[in-house]
Amino acid sequence: MLLPRLEDPHTAEIISMAMVNQELPEARELHKKALQGKYINDLDLQHLEGMLHHTHDILPFIQHNKHYAKLTLELIHLYQDIVQQALHEEIALSHQKMAGINANRH
């Protein structure tokens, strides 16, 4: 999502607040789900990717605000952790399936 130039600091703050109030809690919940070893489906990952793109789009407008910049970095790190955890779970599941296939052959 490309945003228009935000010259008005109030507009940037409103957009940033939406990120803080909606996207960051959603990302934290997905992170919690991933850490618990629960399956992260493609829809979850697509939603998370959309949040990351939105964060990237607003970053130039909020980077001057240390609070919002810090929260933006948190969202980016959550994204990285969630994707990494989902990949580990997918690999583990794949290994389990392969072990089951090999066990059935003997």
# chains A, B, ... in the order shown; residues from 1 in each chain; ligands from 1
$ residues_around --residues "range 26-32 of chain A" --least-positions-apart "6" --cutoff "8 Å" --atoms "only C-alpha atoms" --output "list in words"
Ile40, Asp44, Leu48, Leu75, Leu78, Tyr79, Asp81 and Ile82 of chain A
$ write_last_selection --atoms "C-alpha atoms" --output "PDB file, in the first residue's frame"
ATOM      1  CA  ILE A  40       1.104 -20.644  11.231  1.00  0.00           C
ATOM      2  CA  ASP A  44      -1.445 -15.678   8.799  1.00  0.00           C
ATOM      3  CA  LEU A  48       1.855 -10.520   8.544  1.00  0.00           C
ATOM      4  CA  LEU A  75       7.131  -5.313  14.446  1.00  0.00           C
ATOM      5  CA  LEU A  78       8.443 -10.091  15.286  1.00  0.00           C
ATOM      6  CA  TYR A  79       7.949 -10.700  11.574  1.00  0.00           C
ATOM      7  CA  ASP A  81      10.959 -14.399  14.354  1.00  0.00           C
ATOM      8  CA  ILE A  82       7.530 -15.630  13.246  1.00  0.00           C
TER       9      ILE A  82
END
$ closest_residue --among "A:Leu35, A:Ile91, A:Ala69, A:Leu45" --to "Met17 in chain A" --atoms "only C-alpha atoms"
A:Ala69
$ closest_residue --among "A:Asp57, A:Glu74, A:Glu49, A:Glu90" --to "Val20 in chain A" --atoms "only C-alpha atoms"
A:Glu74
$ atom_distance --atom1 "CA of Ile15 in chain A" --atom2 "CA of Ala86 in chain A"
28.6 Å
$ decode --residues "range 61-97 of chain A" --atoms "N, CA and C atoms" --output "tab-separated table (two decimals), in the first residue's frame"
chain	number	residue	atom	x	y	z
A	61	PHE	N	7.86	8.42	7.74
A	61	PHE	CA	7.07	9.47	8.36
A	61	PHE	C	7.12	9.42	9.89
A	62	ILE	N	7.56	8.30	10.42
A	62	ILE	CA	7.55	8.16	11.87
A	62	ILE	C	8.94	7.94	12.45
A	63	GLN	N	9.95	7.83	11.62
A	63	GLN	CA	11.28	7.52	12.13
A	63	GLN	C	11.83	8.62	13.04
A	64	HIS	N	11.31	9.83	12.92
A	64	HIS	CA	11.76	10.91	13.79
A	64	HIS	C	11.22	10.76	15.22
A	65	ASN	N	10.17	9.96	15.37
A	65	ASN	CA	9.57	9.73	16.68
A	65	ASN	C	10.16	8.44	17.25
A	66	LYS	N	10.97	8.55	18.28
A	66	LYS	CA	11.68	7.38	18.82
A	66	LYS	C	10.71	6.29	19.28
A	67	HIS	N	9.59	6.69	19.86
A	67	HIS	CA	8.62	5.71	20.35
A	67	HIS	C	8.08	4.87	19.19
A	68	TYR	N	7.61	5.52	18.13
A	68	TYR	CA	7.05	4.80	17.00
A	68	TYR	C	8.11	4.06	16.22
A	69	ALA	N	9.31	4.63	16.12
A	69	ALA	CA	10.40	3.94	15.43
A	69	ALA	C	10.75	2.66	16.17
A	70	LYS	N	10.76	2.70	17.50
A	70	LYS	CA	11.06	1.51	18.30
A	70	LYS	C	9.99	0.45	18.10
A	71	LEU	N	8.73	0.86	18.08
A	71	LEU	CA	7.64	-0.09	17.87
A	71	LEU	C	7.68	-0.68	16.47
A	72	THR	N	8.08	0.14	15.50
A	72	THR	CA	8.22	-0.35	14.13
A	72	THR	C	9.30	-1.41	14.06
A	73	LEU	N	10.41	-1.17	14.71
A	73	LEU	CA	11.47	-2.17	14.74
A	73	LEU	C	11.01	-3.45	15.43
A	74	GLU	N	10.21	-3.30	16.48
A	74	GLU	CA	9.67	-4.48	17.15
A	74	GLU	C	8.82	-5.30	16.18
A	75	LEU	N	7.98	-4.62	15.40
A	75	LEU	CA	7.13	-5.31	14.45
A	75	LEU	C	7.98	-6.05	13.40
A	76	ILE	N	9.05	-5.41	12.96
A	76	ILE	CA	9.93	-6.04	11.97
A	76	ILE	C	10.60	-7.27	12.59
A	77	HIS	N	11.07	-7.16	13.82
A	77	HIS	CA	11.70	-8.30	14.48
A	77	HIS	C	10.70	-9.43	14.74
A	78	LEU	N	9.48	-9.07	15.11
A	78	LEU	CA	8.44	-10.09	15.29
A	78	LEU	C	8.21	-10.84	13.98
A	79	TYR	N	8.14	-10.09	12.89
A	79	TYR	CA	7.95	-10.70	11.57
A	79	TYR	C	9.07	-11.71	11.30
A	80	GLN	N	10.30	-11.30	11.53
A	80	GLN	CA	11.44	-12.20	11.29
A	80	GLN	C	11.35	-13.44	12.17
A	81	ASP	N	11.05	-13.26	13.43
A	81	ASP	CA	10.96	-14.40	14.35
A	81	ASP	C	9.83	-15.35	13.97
A	82	ILE	N	8.69	-14.80	13.61
A	82	ILE	CA	7.53	-15.63	13.25
A	82	ILE	C	7.84	-16.45	12.00
A	83	VAL	N	8.41	-15.81	11.00
A	83	VAL	CA	8.73	-16.52	9.76
A	83	VAL	C	9.76	-17.61	10.03
A	84	GLN	N	10.77	-17.28	10.82
A	84	GLN	CA	11.79	-18.26	11.16
A	84	GLN	C	11.20	-19.44	11.93
A	85	GLN	N	10.35	-19.16	12.91
A	85	GLN	CA	9.72	-20.21	13.69
A	85	GLN	C	8.81	-21.07	12.81
A	86	ALA	N	8.05	-20.45	11.93
A	86	ALA	CA	7.17	-21.19	11.03
A	86	ALA	C	8.00	-22.09	10.11
A	87	LEU	N	9.13	-21.60	9.65
A	87	LEU	CA	10.01	-22.40	8.81
A	87	LEU	C	10.55	-23.60	9.58
A	88	HIS	N	10.99	-23.39	10.81
A	88	HIS	CA	11.47	-24.50	11.64
A	88	HIS	C	10.38	-25.54	11.85
A	89	GLU	N	9.16	-25.09	12.12
A	89	GLU	CA	8.05	-26.02	12.31
A	89	GLU	C	7.76	-26.80	11.04
A	90	GLU	N	7.82	-26.13	9.91
A	90	GLU	CA	7.57	-26.78	8.62
A	90	GLU	C	8.65	-27.83	8.34
A	91	ILE	N	9.89	-27.51	8.64
A	91	ILE	CA	10.99	-28.46	8.45
A	91	ILE	C	10.83	-29.66	9.38
A	92	ALA	N	10.49	-29.40	10.63
A	92	ALA	CA	10.29	-30.49	11.59
A	92	ALA	C	9.15	-31.40	11.15
A	93	LEU	N	8.07	-30.81	10.67
A	93	LEU	CA	6.93	-31.59	10.19
A	93	LEU	C	7.33	-32.43	8.98
A	94	SER	N	8.11	-31.86	8.11
A	94	SER	CA	8.59	-32.58	6.93
A	94	SER	C	9.47	-33.76	7.33
A	95	HIS	N	10.34	-33.55	8.32
A	95	HIS	CA	11.19	-34.64	8.80
A	95	HIS	C	10.35	-35.75	9.45
A	96	GLN	N	9.32	-35.36	10.18
A	96	GLN	CA	8.45	-36.36	10.80
A	96	GLN	C	7.74	-37.19	9.73
A	97	LYS	N	7.28	-36.52	8.69
A	97	LYS	CA	6.60	-37.24	7.60
A	97	LYS	C	7.56	-38.20	6.92
